[in-house]
Amino acid sequence: MGTMDTAELGGSEPWASDTKLFQPLQDQILLYEEANCRALKAFLRMLNLPFEEEWRVNAEHMSPSNQVPFIKCGQFVVSEMVPIIEFVEAKGYSLSNHLENEDRSDMKAYMNLVDSILMDAEYFVCWKLANVSRNYTRPRFCSFYPWPLNSVLFRMKKWGIEKRLKLRSREKADLTMDSVLEDVKNCLQIITDILGDKVFLYGNKPTELDALLFGHLSAIYNTNLPDNRLKELVGESTKLLEMCARIDDKYISSWKSRSNAKSSSTIKS
């Protein structure tokens, strides 16, 4: 079943109150997975759609696309940010339906830019930088699988990531950390120019692009790696990080406070 088929079929049913969002364990999750999980959680919380978080060792292999996070909403299982956005929109929920068609089209193009540039940078840092791969990626990826299965899975995953990066960088002779950082720097400057002095990228209301950017930048900025050059570069984007802080205060921290208050009330009763 294709993405649009899933979205169209899922649109006929209301949002399930017991929707579950699946992600890897905290000691297992890698930078780019953390970014995707943060982006999706921000998106759903911006829409005030209820969901429960589920952490699983084999979350990646449970996903229909082998990518995390993924959601189970009613009888439907949908993975990855864009397909989930389409699935949610089919149910009548959107963060960008107030935008003009041209702005919405531009927003989607910028989403592709952000997702491509920042995701590739996260992949590169995790799998191509020897120090990070050896001391961060491999221990996290392998620790929950027995030997020799963990080594086999690690090599297969590394091969797949390298193939992806090679396809994405086919216009360049060789992908290096310097070229990755240059692409990220240019991408962040473009998004900073869009933000200007606004609260969010398209005004006073967040859009899907804000959620996606929040996921990537907050994950990068809050993850310490053996090589922190990517984090240091993101740290220079003061305006974007201030926007991320606004998103965190309004949609992440406040949600946690409400959730904790609800749990305390339940315990007292």
# chains A, B, ... in the order shown; residues from 1 in each chain; ligands from 1
call {"tool": "residues_around", "arguments": {"residues": "A:Val180", "least_positions_apart": "2", "cutoff": "12 Å", "atoms": "only C-alpha atoms", "output": "JSON, numbers by chain"}}
result
{"A": [116, 117, 118, 119, 120, 121, 122, 123, 124, 125, 128, 129, 165, 168, 169, 172, 174, 175, 176, 177, 178, 182, 183, 184, 185, 186, 187, 229, 230, 233]}
call {"tool": "closest_residue", "arguments": {"among": "A:Tyr32, A:Asn48, A:Phe22, A:Ala245", "to": "A:Ile161", "atoms": "only C-alpha atoms"}}
result
A:Tyr32
call {"tool": "residues_around", "arguments": {"residues": "A:Ala35", "least_positions_apart": "5", "cutoff": "6 Å", "atoms": "only C-alpha atoms", "output": "list of chain:residue names"}}
result
A:Gly215, A:His216, A:Ala219
call {"tool": "closest_residue", "arguments": {"among": "A:Asp197, A:Glu60, A:Glu86, A:Asp227", "to": "A:Gln28", "atoms": "only C-alpha atoms"}}
result
A:Glu60
call {"tool": "residues_around", "arguments": {"residues": "stretch 106-108 of chain A", "least_positions_apart": "5", "cutoff": "9 Å", "atoms": "only C-alpha atoms", "output": "PDB file with C-alpha atoms, in the first residue's frame"}}
result
ATOM      1  CA  SER A  96      -0.001  25.255   7.418  1.00  0.00           C
ATOM      2  CA  ASN A 101      -0.626  28.245  -1.818  1.00  0.00           C
ATOM      3  CA  LEU A 113      16.179  21.209   1.830  1.00  0.00           C
ATOM      4  CA  TYR A 202       5.870  31.952   8.709  1.00  0.00           C
ATOM      5  CA  THR A 207       4.277  25.116  10.645  1.00  0.00           C
ATOM      6  CA  GLU A 208       5.557  21.683   9.732  1.00  0.00           C
ATOM      7  CA  LEU A 209       8.855  23.326   8.770  1.00  0.00           C
TER       8      LEU A 209
END
call {"tool": "closest_residue", "arguments": {"among": "A:Tyr145, A:Asn228, A:Ile194, A:Ala130", "to": "A:Lys158", "atoms": "only C-alpha atoms"}}
result
A:Ala130
call {"tool": "closest_residue", "arguments": {"among": "A:Ile71, A:Ala42, A:Val88, A:Leu167", "to": "A:Asp210", "atoms": "only C-alpha atoms"}}
result
A:Ala42
call {"tool": "select_by_dssp", "arguments": {"residues": "stretch 189-237 of chain A", "states": "helix (DSSP H, G or I)", "output": "ChimeraX atom specification"}}
result
/A:189-195,208-221,229-235
call {"tool": "decode", "arguments": {"residues": "stretch 192-208 of chain A", "atoms": "N, CA, C and O atoms", "output": "PDB file, in the first residue's frame"}}
result
ATOM      1  N   THR A 192      17.516  31.174   8.332  1.00  0.00           N
ATOM      2  CA  THR A 192      17.605  32.360   9.191  1.00  0.00           C
ATOM      3  C   THR A 192      17.039  33.580   8.484  1.00  0.00           C
ATOM      4  O   THR A 192      16.340  34.402   9.089  1.00  0.00           O
ATOM      5  N   ASP A 193      17.321  33.709   7.188  1.00  0.00           N
ATOM      6  CA  ASP A 193      16.792  34.830   6.402  1.00  0.00           C
ATOM      7  C   ASP A 193      15.268  34.765   6.334  1.00  0.00           C
ATOM      8  O   ASP A 193      14.597  35.804   6.345  1.00  0.00           O
ATOM      9  N   ILE A 194      14.724  33.557   6.239  1.00  0.00           N
ATOM     10  CA  ILE A 194      13.266  33.398   6.208  1.00  0.00           C
ATOM     11  C   ILE A 194      12.668  33.816   7.550  1.00  0.00           C
ATOM     12  O   ILE A 194      11.639  34.489   7.609  1.00  0.00           O
ATOM     13  N   LEU A 195      13.315  33.439   8.636  1.00  0.00           N
ATOM     14  CA  LEU A 195      12.807  33.755   9.974  1.00  0.00           C
ATOM     15  C   LEU A 195      12.783  35.256  10.218  1.00  0.00           C
ATOM     16  O   LEU A 195      11.779  35.798  10.695  1.00  0.00           O
ATOM     17  N   GLY A 196      13.882  35.922   9.878  1.00  0.00           N
ATOM     18  CA  GLY A 196      13.945  37.361  10.114  1.00  0.00           C
ATOM     19  C   GLY A 196      13.674  37.683  11.572  1.00  0.00           C
ATOM     20  O   GLY A 196      14.280  37.100  12.473  1.00  0.00           O
ATOM     21  N   ASP A 197      12.720  38.575  11.810  1.00  0.00           N
ATOM     22  CA  ASP A 197      12.354  38.967  13.174  1.00  0.00           C
ATOM     23  C   ASP A 197      11.022  38.365  13.604  1.00  0.00           C
ATOM     24  O   ASP A 197      10.420  38.809  14.588  1.00  0.00           O
ATOM     25  N   LYS A 198      10.541  37.370  12.877  1.00  0.00           N
ATOM     26  CA  LYS A 198       9.256  36.757  13.194  1.00  0.00           C
ATOM     27  C   LYS A 198       9.388  35.784  14.365  1.00  0.00           C
ATOM     28  O   LYS A 198      10.480  35.337  14.708  1.00  0.00           O
ATOM     29  N   VAL A 199       8.263  35.436  14.959  1.00  0.00           N
ATOM     30  CA  VAL A 199       8.244  34.469  16.060  1.00  0.00           C
ATOM     31  C   VAL A 199       8.564  33.075  15.545  1.00  0.00           C
ATOM     32  O   VAL A 199       9.401  32.361  16.105  1.00  0.00           O
ATOM     33  N   PHE A 200       7.875  32.707  14.456  1.00  0.00           N
ATOM     34  CA  PHE A 200       8.137  31.435  13.785  1.00  0.00           C
ATOM     35  C   PHE A 200       8.431  31.727  12.315  1.00  0.00           C
ATOM     36  O   PHE A 200       8.356  32.879  11.880  1.00  0.00           O
ATOM     37  N   LEU A 201       8.746  30.716  11.565  1.00  0.00           N
ATOM     38  CA  LEU A 201       9.236  30.928  10.197  1.00  0.00           C
ATOM     39  C   LEU A 201       8.207  31.587   9.286  1.00  0.00           C
ATOM     40  O   LEU A 201       8.573  32.303   8.351  1.00  0.00           O
ATOM     41  N   TYR A 202       6.904  31.350   9.547  1.00  0.00           N
ATOM     42  CA  TYR A 202       5.870  31.952   8.709  1.00  0.00           C
ATOM     43  C   TYR A 202       4.912  32.831   9.517  1.00  0.00           C
ATOM     44  O   TYR A 202       3.734  32.919   9.203  1.00  0.00           O
ATOM     45  N   GLY A 203       5.416  33.425  10.574  1.00  0.00           N
ATOM     46  CA  GLY A 203       4.585  34.352  11.328  1.00  0.00           C
ATOM     47  C   GLY A 203       4.459  33.968  12.788  1.00  0.00           C
ATOM     48  O   GLY A 203       5.428  33.543  13.423  1.00  0.00           O
ATOM     49  N   ASN A 204       3.246  34.092  13.315  1.00  0.00           N
ATOM     50  CA  ASN A 204       3.013  33.840  14.735  1.00  0.00           C
ATOM     51  C   ASN A 204       2.565  32.413  15.026  1.00  0.00           C
ATOM     52  O   ASN A 204       2.333  32.073  16.191  1.00  0.00           O
ATOM     53  N   LYS A 205       2.414  31.605  13.993  1.00  0.00           N
ATOM     54  CA  LYS A 205       2.017  30.213  14.171  1.00  0.00           C
ATOM     55  C   LYS A 205       3.091  29.296  13.602  1.00  0.00           C
ATOM     56  O   LYS A 205       3.625  29.557  12.524  1.00  0.00           O
ATOM     57  N   PRO A 206       3.405  28.210  14.287  1.00  0.00           N
ATOM     58  CA  PRO A 206       4.401  27.270  13.758  1.00  0.00           C
ATOM     59  C   PRO A 206       3.815  26.432  12.629  1.00  0.00           C
ATOM     60  O   PRO A 206       2.604  26.198  12.571  1.00  0.00           O
ATOM     61  N   THR A 207       4.673  26.003  11.740  1.00  0.00           N
ATOM     62  CA  THR A 207       4.277  25.116  10.645  1.00  0.00           C
ATOM     63  C   THR A 207       5.068  23.815  10.742  1.00  0.00           C
ATOM     64  O   THR A 207       5.896  23.631  11.641  1.00  0.00           O
ATOM     65  N   GLU A 208       4.822  22.941   9.785  1.00  0.00           N
ATOM     66  CA  GLU A 208       5.557  21.683   9.732  1.00  0.00           C
ATOM     67  C   GLU A 208       7.055  21.920   9.612  1.00  0.00           C
ATOM     68  O   GLU A 208       7.864  21.147  10.138  1.00  0.00           O
TER      69      GLU A 208
END
